Amino acid sequence: MTALGTRQAPSAVPWLLAGPAQQAGAEPLAGHLARLGPCPPGSPGLIEALATSGLRGRGGARFPTARKWTAVAQRARGRAVVVVNGAEGEPASWKDQLLMTFRPHLVLDGAMLAAESVGAADIVLYVSSGAPRAGEALAAALSERGLPRRPRIQLVWAPARYVAGEETAAVRFLNGGEAKPAVVPPRPFERGVGGRPTLVQNVETLALTALLARYGPAGWSHDPMLVTVRGAVAAPGVYEVARGARLDQVVGMAGGRPGDCAAVLLGGYFGAWIPGPAVGALRLDEEGAAAAGVGLGCGVVLALPADACGVTETARAVTFLAGESAQQCGPCRLGLPALAGVLRRVADARPERGDAERLQRWTWQLGGGRGACKHPDGAVGLVGSALRTFAADFEDHLRGRPCRGRFGPPALPVPGVGAGWP
Amino acid sequence: MCAELFPERVQRDDWGYPIVSPAPIGGDLLDLARRAVDACPVLALRLERLRPER
Amino acid sequence: MSQPSPLWFAARGLGFVLLLALTGTVVLGVVTSRRWSAEGWPRFVTAELHRNLSLVAVVLLGLHGASVLLDTYAGLGLRDVLVPFATAYRPLWVGLGVLAGELLVALVVVSTFRQLFGYRLWRFTHWAAYAAWPLALLHGLGTGSDTPFGWALVLYAGCAGAVLLAVLVRLSLHAAALSPSRLLAGAVVACAALAVALWTMLGPLQPGWAAAAGTPPNLLGGGQAAPASSPSPGP
């Protein structure tokens, strides 16, 4: 019986991305076990280790993982459900797909650890149908290991929509409904899939747990996170950084020049624009993010080239977000499309009278948690940060003076929204 | 309609949806709040008891 | 042959007032759903008027039922006013009234305790309540000893017109105004209204209706001062 924390952690990252290169495909079980050793069994001791290490979820909300597991374990009575959330709806993020495709055994280890520690009878691998390779890799890894009788494991394809990865949306879908966030209580840890206490955990968090079980909390100094770096960088892709890495260092890792960036989008489309000058000072940990008034989100680091137009990119992102709304509340159904419309007009430097006031007023009205879920809050958070970071550009556009970047190549990967608005 | 009944804590956004102020409600305002909660045809409002800080 | 007591006439009068209250409730309900407001008349006024008028209707219903119970002329007992179609006096027509009354009570109970019953049940009951009004109308036309009077017909026609208009307005709510199902519903309602009008002329307004409606023979020929009907018992 392997005990917790008997393995030596590498002195530097990468931890998650250590092992064979991507070209080798998914790491097979033999290689995984040779590299990391057998996985210790889950237990309440692991939940304590999670608490000691301070691990936070990597799905976007950064919620303390130990608290989530404890909440489910207290109610589980052996019947809980673990949902491995691989629905990654954020278009700019690729880290979860990467983990599922190339390190499936890490993910599966994490899922088993969760099931054993909280007392679950079922594991559901909830994978975006937009990431077929990821699901196939997980399925292949499962057959390598052999399906256990308990907990039961199954793979479910999630709709490839932005909000499908939200915790309550996943539960609702698995219960036979639509993949839209649920408006009312109960929370999943009380009653989720099939009415049973449910732990919905992001893929990266589970992979990290699989490492924590081996290295122990005492060796958890680096608390790594995966970032998807793209935009004005020479080598876009997923990188692994230790806790507290500076944002400019991260951009540099991918071959970008932070000094040349107009701004960096941090977190995702529900995140925030960091102005160029502030990039050097931002440390990627809870304290650093809080000091800058932003969140780490799901680790998207998008460097906006100096000649791109922040107003245009924000308009594209919000147009996308408006189209991805679950249509369950007024602010999302009516407010977001209207906000996107104003942003597009301003990006075209053809504002209507009152648009400047509308931007301010609607950013206030549509926020504050008034929606059926956090979707409108994310969108207005992005717009608010854009208004601050690109204040000079907004002023120019509102005066009818567009910038050259308006019709340049799009910087943000936004499905369905081109440079000329469809 | 709730903005009509309880303007002290409920405003409307540009699409007529209520913006509810999170400030605590006490004393005389409680009756008005209850009336607004009762009147909502879709039961969208809820009155929650605030736990006292310890 | 017993003579009709004041309570018997009171019951009939209350029935008409009740129909007026129900008509007003339905109309106000539709105005509420249209979210109409004006300077000095906010939405909640309409909404609360609708609610209060429905409560008045329940009170009137209670008085209407009580006076029918207490009156000895037609001899209706508790079972007759609580169980539809159980009575010997014009069973079908009285039964419709009992149904309508019970629907009204159910609706008011569910609405009062909406927080308990939940939104879905409340909405369902409200839609079912649309049936209460026509049931009440048919009850009045069929049972009502006053049907042949001119003033009664004017009242019935006025109330029916108001409700017909309200229902058509309600069907045209929101953008789905011209969807096929709504057009069909509107056509059905309009035809139903015509059918009722026709039936009234061919049924309750014809002589001999009282007997055809099931008035017990010992009551035929008494208690009615209607000029148009000469309820002479059959040969």
# chains A, B, ... in the order shown; residues from 1 in each chain; ligands from 1
$ interface_residues --of "chain B" --to "chain C" --cutoff "8 Å" --atoms "only C-alpha atoms" --output "ChimeraX atom specification"
/B:1,4-5,39,42-43
$ write_last_selection --atoms "C-alpha atoms" --output "CSV table (one decimal), in the first residue's frame"
chain,number,residue,atom,x,y,z
B,1,MET,CA,-43.6,46.1,-10.7
B,4,GLU,CA,-42.9,50.4,-8.2
B,5,LEU,CA,-43.6,48.8,-4.9
B,39,ALA,CA,-46.4,40.7,-5.8
B,42,VAL,CA,-42.8,34.8,-11.3
B,43,LEU,CA,-41.6,34.6,-7.7
$ residues_around --residues "Arg361 (chain A)" --least-positions-apart "6" --cutoff "10 Å" --atoms "only C-alpha atoms" --output "list in words"
Asp355 of chain A; Asp13 and Asp14 of chain B
$ atom_distance --atom1 "CA of Leu247 (chain A)" --atom2 "CA of Gly110 (chain A)"
28.2 Å
$ atom_distance --atom1 "CA of Val118 (chain A)" --atom2 "CA of Ala71 (chain A)"
8.8 Å
$ closest_residue --among "B:Trp15, B:Pro24, B:Pro52, B:Leu45" --to "chain A" --atoms "only C-alpha atoms"
B:Trp15
$ interface_residues --of "chain A" --to "chain B" --cutoff "8 Å" --atoms "only C-alpha atoms" --output "list in words"
Gly330, Pro331, Leu334, Gly335, Gln365 and Arg370 of chain A
$ write_last_selection --atoms "C-alpha atoms" --output "PDB file, in the first residue's frame"
ATOM      1  CA  GLY A 330     -32.914  39.459 -18.763  1.00  0.00           C
ATOM      2  CA  PRO A 331     -29.386  40.839 -18.320  1.00  0.00           C
ATOM      3  CA  LEU A 334     -31.204  41.495 -23.692  1.00  0.00           C
ATOM      4  CA  GLY A 335     -28.324  43.305 -22.057  1.00  0.00           C
ATOM      5  CA  GLN A 365     -26.343  47.639 -14.645  1.00  0.00           C
ATOM      6  CA  ARG A 370     -27.991  39.938 -11.242  1.00  0.00           C
TER       7      ARG A 370
END
$ select_by_dssp --residues "region 247-422 of chain A" --states "strand (DSSP E)" --output "count of residues only"
16
$ residues_around --residues "Leu29 (chain B)" --least-positions-apart "4" --cutoff "9 Å" --atoms "only C-alpha atoms" --output "JSON, numbers by chain"
{"B": [6, 8, 25, 33, 34]}
$ write_last_selection --atoms "N, CA and C atoms" --output "PDB file, in the first residue's frame"
ATOM      1  N   PHE B   6     -41.259  48.994  -4.337  1.00  0.00           N
ATOM      2  CA  PHE B   6     -40.175  49.082  -3.378  1.00  0.00           C
ATOM      3  C   PHE B   6     -39.018  49.876  -3.968  1.00  0.00           C
ATOM      4  N   GLU B   8     -37.234  51.986  -2.743  1.00  0.00           N
ATOM      5  CA  GLU B   8     -36.128  52.231  -1.812  1.00  0.00           C
ATOM      6  C   GLU B   8     -34.962  51.300  -2.059  1.00  0.00           C
ATOM      7  N   ILE B  25     -32.370  45.219   4.884  1.00  0.00           N
ATOM      8  CA  ILE B  25     -33.666  45.878   5.018  1.00  0.00           C
ATOM      9  C   ILE B  25     -34.140  45.697   6.440  1.00  0.00           C
ATOM     10  N   ALA B  33     -40.979  45.503   1.665  1.00  0.00           N
ATOM     11  CA  ALA B  33     -40.229  44.441   0.998  1.00  0.00           C
ATOM     12  C   ALA B  33     -41.093  43.199   0.831  1.00  0.00           C
ATOM     13  N   ARG B  34     -41.827  42.853   1.893  1.00  0.00           N
ATOM     14  CA  ARG B  34     -42.689  41.664   1.809  1.00  0.00           C
ATOM     15  C   ARG B  34     -43.734  41.835   0.730  1.00  0.00           C
TER      16      ARG B  34
END
$ residues_around --residues "Arg353 (chain A)" --least-positions-apart "5" --cutoff "12 Å" --atoms "only C-alpha atoms" --output "list of chain:residue names"
A:Val342, A:Arg345, A:Val346, A:Arg358, A:Leu359, A:Leu398, A:Arg399, A:Gly400
$ write_last_selection --atoms "N, CA and C atoms" --output "compact mmCIF listing (two decimals), in the first residue's frame"
# COMPACT_ATOMS: atom_id res chain seq x y z
N VAL A 342 -23.18 48.05 -29.00
CA VAL A 342 -22.53 49.34 -28.76
C VAL A 342 -21.03 49.22 -28.98
N ARG A 345 -20.19 49.20 -32.62
CA ARG A 345 -20.32 50.53 -33.21
C ARG A 345 -19.10 51.37 -32.84
N VAL A 346 -18.70 51.29 -31.59
CA VAL A 346 -17.56 52.08 -31.15
C VAL A 346 -16.29 51.59 -31.84
N ARG A 358 -23.88 54.84 -22.42
CA ARG A 358 -24.40 53.46 -22.36
C ARG A 358 -23.34 52.50 -21.90
N LEU A 359 -22.13 52.66 -22.41
CA LEU A 359 -21.06 51.75 -22.00
C LEU A 359 -20.88 51.78 -20.49
N LEU A 398 -14.61 56.94 -30.00
CA LEU A 398 -15.88 57.65 -29.75
C LEU A 398 -15.90 58.99 -30.47
N ARG A 399 -14.72 59.49 -30.81
CA ARG A 399 -14.69 60.75 -31.56
C ARG A 399 -14.70 60.50 -33.06
N GLY A 400 -14.85 59.26 -33.44
CA GLY A 400 -14.93 58.94 -34.86
C GLY A 400 -13.59 58.70 -35.50
$ residues_around --residues "Pro84 (chain C)" --least-positions-apart "4" --cutoff "12 Å" --atoms "only C-alpha atoms" --output "JSON, numbers by chain"
{"C": [78, 79, 80, 88, 89, 90, 91, 92, 93, 94, 95, 96, 97, 98, 99, 100, 101, 102, 103, 135, 139]}
$ write_last_selection --atoms "N, CA and C atoms" --output "PDB file, in the first residue's frame"
ATOM      1  N   LEU C  78     -76.295  20.497   1.577  1.00  0.00           N
ATOM      2  CA  LEU C  78     -74.847  20.712   1.524  1.00  0.00           C
ATOM      3  C   LEU C  78     -74.210  19.919   0.386  1.00  0.00           C
ATOM      4  N   ARG C  79     -74.668  18.680   0.239  1.00  0.00           N
ATOM      5  CA  ARG C  79     -74.095  17.828  -0.797  1.00  0.00           C
ATOM      6  C   ARG C  79     -74.345  18.421  -2.173  1.00  0.00           C
ATOM      7  N   ASP C  80     -75.513  19.020  -2.336  1.00  0.00           N
ATOM      8  CA  ASP C  80     -75.875  19.560  -3.647  1.00  0.00           C
ATOM      9  C   ASP C  80     -74.969  20.709  -4.064  1.00  0.00           C
ATOM     10  N   ALA C  88     -81.004  17.297  -7.367  1.00  0.00           N
ATOM     11  CA  ALA C  88     -82.172  16.942  -8.171  1.00  0.00           C
ATOM     12  C   ALA C  88     -82.697  18.143  -8.927  1.00  0.00           C
ATOM     13  N   TYR C  89     -82.274  19.335  -8.494  1.00  0.00           N
ATOM     14  CA  TYR C  89     -82.759  20.562  -9.115  1.00  0.00           C
ATOM     15  C   TYR C  89     -81.837  20.953 -10.253  1.00  0.00           C
ATOM     16  N   ARG C  90     -82.327  20.812 -11.490  1.00  0.00           N
ATOM     17  CA  ARG C  90     -81.530  21.178 -12.660  1.00  0.00           C
ATOM     18  C   ARG C  90     -80.079  20.707 -12.504  1.00  0.00           C
ATOM     19  N   PRO C  91     -79.899  19.411 -12.410  1.00  0.00           N
ATOM     20  CA  PRO C  91     -78.585  18.897 -12.024  1.00  0.00           C
ATOM     21  C   PRO C  91     -77.431  19.394 -12.888  1.00  0.00           C
ATOM     22  N   LEU C  92     -77.582  19.367 -14.190  1.00  0.00           N
ATOM     23  CA  LEU C  92     -76.466  19.775 -15.043  1.00  0.00           C
ATOM     24  C   LEU C  92     -76.090  21.226 -14.779  1.00  0.00           C
ATOM     25  N   TRP C  93     -77.068  22.084 -14.748  1.00  0.00           N
ATOM     26  CA  TRP C  93     -76.784  23.522 -14.698  1.00  0.00           C
ATOM     27  C   TRP C  93     -76.278  23.946 -13.336  1.00  0.00           C
ATOM     28  N   VAL C  94     -76.842  23.359 -12.286  1.00  0.00           N
ATOM     29  CA  VAL C  94     -76.316  23.665 -10.954  1.00  0.00           C
ATOM     30  C   VAL C  94     -74.910  23.100 -10.814  1.00  0.00           C
ATOM     31  N   GLY C  95     -74.737  21.899 -11.357  1.00  0.00           N
ATOM     32  CA  GLY C  95     -73.426  21.252 -11.277  1.00  0.00           C
ATOM     33  C   GLY C  95     -72.326  22.105 -11.891  1.00  0.00           C
ATOM     34  N   LEU C  96     -72.631  22.743 -13.020  1.00  0.00           N
ATOM     35  CA  LEU C  96     -71.632  23.616 -13.645  1.00  0.00           C
ATOM     36  C   LEU C  96     -71.237  24.739 -12.688  1.00  0.00           C
ATOM     37  N   GLY C  97     -72.226  25.253 -11.988  1.00  0.00           N
ATOM     38  CA  GLY C  97     -71.931  26.319 -11.047  1.00  0.00           C
ATOM     39  C   GLY C  97     -71.052  25.835  -9.901  1.00  0.00           C
ATOM     40  N   VAL C  98     -71.350  24.617  -9.431  1.00  0.00           N
ATOM     41  CA  VAL C  98     -70.527  24.068  -8.347  1.00  0.00           C
ATOM     42  C   VAL C  98     -69.080  23.920  -8.807  1.00  0.00           C
ATOM     43  N   LEU C  99     -68.931  23.408 -10.022  1.00  0.00           N
ATOM     44  CA  LEU C  99     -67.583  23.264 -10.586  1.00  0.00           C
ATOM     45  C   LEU C  99     -66.859  24.599 -10.654  1.00  0.00           C
ATOM     46  N   ALA C 100     -67.579  25.585 -11.194  1.00  0.00           N
ATOM     47  CA  ALA C 100     -66.968  26.899 -11.333  1.00  0.00           C
ATOM     48  C   ALA C 100     -66.534  27.427  -9.973  1.00  0.00           C
ATOM     49  N   GLY C 101     -67.398  27.262  -8.986  1.00  0.00           N
ATOM     50  CA  GLY C 101     -67.069  27.767  -7.653  1.00  0.00           C
ATOM     51  C   GLY C 101     -65.856  27.072  -7.070  1.00  0.00           C
ATOM     52  N   GLU C 102     -65.787  25.773  -7.261  1.00  0.00           N
ATOM     53  CA  GLU C 102     -64.651  25.047  -6.691  1.00  0.00           C
ATOM     54  C   GLU C 102     -63.352  25.414  -7.385  1.00  0.00           C
ATOM     55  N   LEU C 103     -63.427  25.638  -8.698  1.00  0.00           N
ATOM     56  CA  LEU C 103     -62.234  26.095  -9.421  1.00  0.00           C
ATOM     57  C   LEU C 103     -61.770  27.442  -8.865  1.00  0.00           C
ATOM     58  N   LEU C 135     -68.065  28.418 -17.279  1.00  0.00           N
ATOM     59  CA  LEU C 135     -68.921  27.519 -16.492  1.00  0.00           C
ATOM     60  C   LEU C 135     -69.926  28.329 -15.692  1.00  0.00           C
ATOM     61  N   HIS C 139     -73.891  28.222 -16.123  1.00  0.00           N
ATOM     62  CA  HIS C 139     -74.674  27.956 -14.915  1.00  0.00           C
ATOM     63  C   HIS C 139     -75.773  29.003 -14.780  1.00  0.00           C
TER      64      HIS C 139
END
$ atom_distance --atom1 "CA of Leu282 (chain A)" --atom2 "CA of Arg56 (chain A)"
18.8 Å
$ select_by_dssp --residues "chain C" --states "helix (DSSP H, G or I)" --output "NGL selection string"
:C and (6-33 or 43-70 or 78-82 or 91-112 or 114-117 or 119-129 or 132-143 or 150-171 or 175-178 or 180-202 or 209-212 or 217-219)
$ residues_around --residues "region 237-246 of chain A" --least-positions-apart "3" --cutoff "6 Å" --atoms "only C-alpha atoms" --output "ChimeraX atom specification"
/A:14,95,222-229,249,282-285
$ closest_residue --among "A:Lys68, A:Arg149, A:Arg161, A:Arg214" --to "Leu106 (chain A)" --atoms "only C-alpha atoms"
A:Arg214
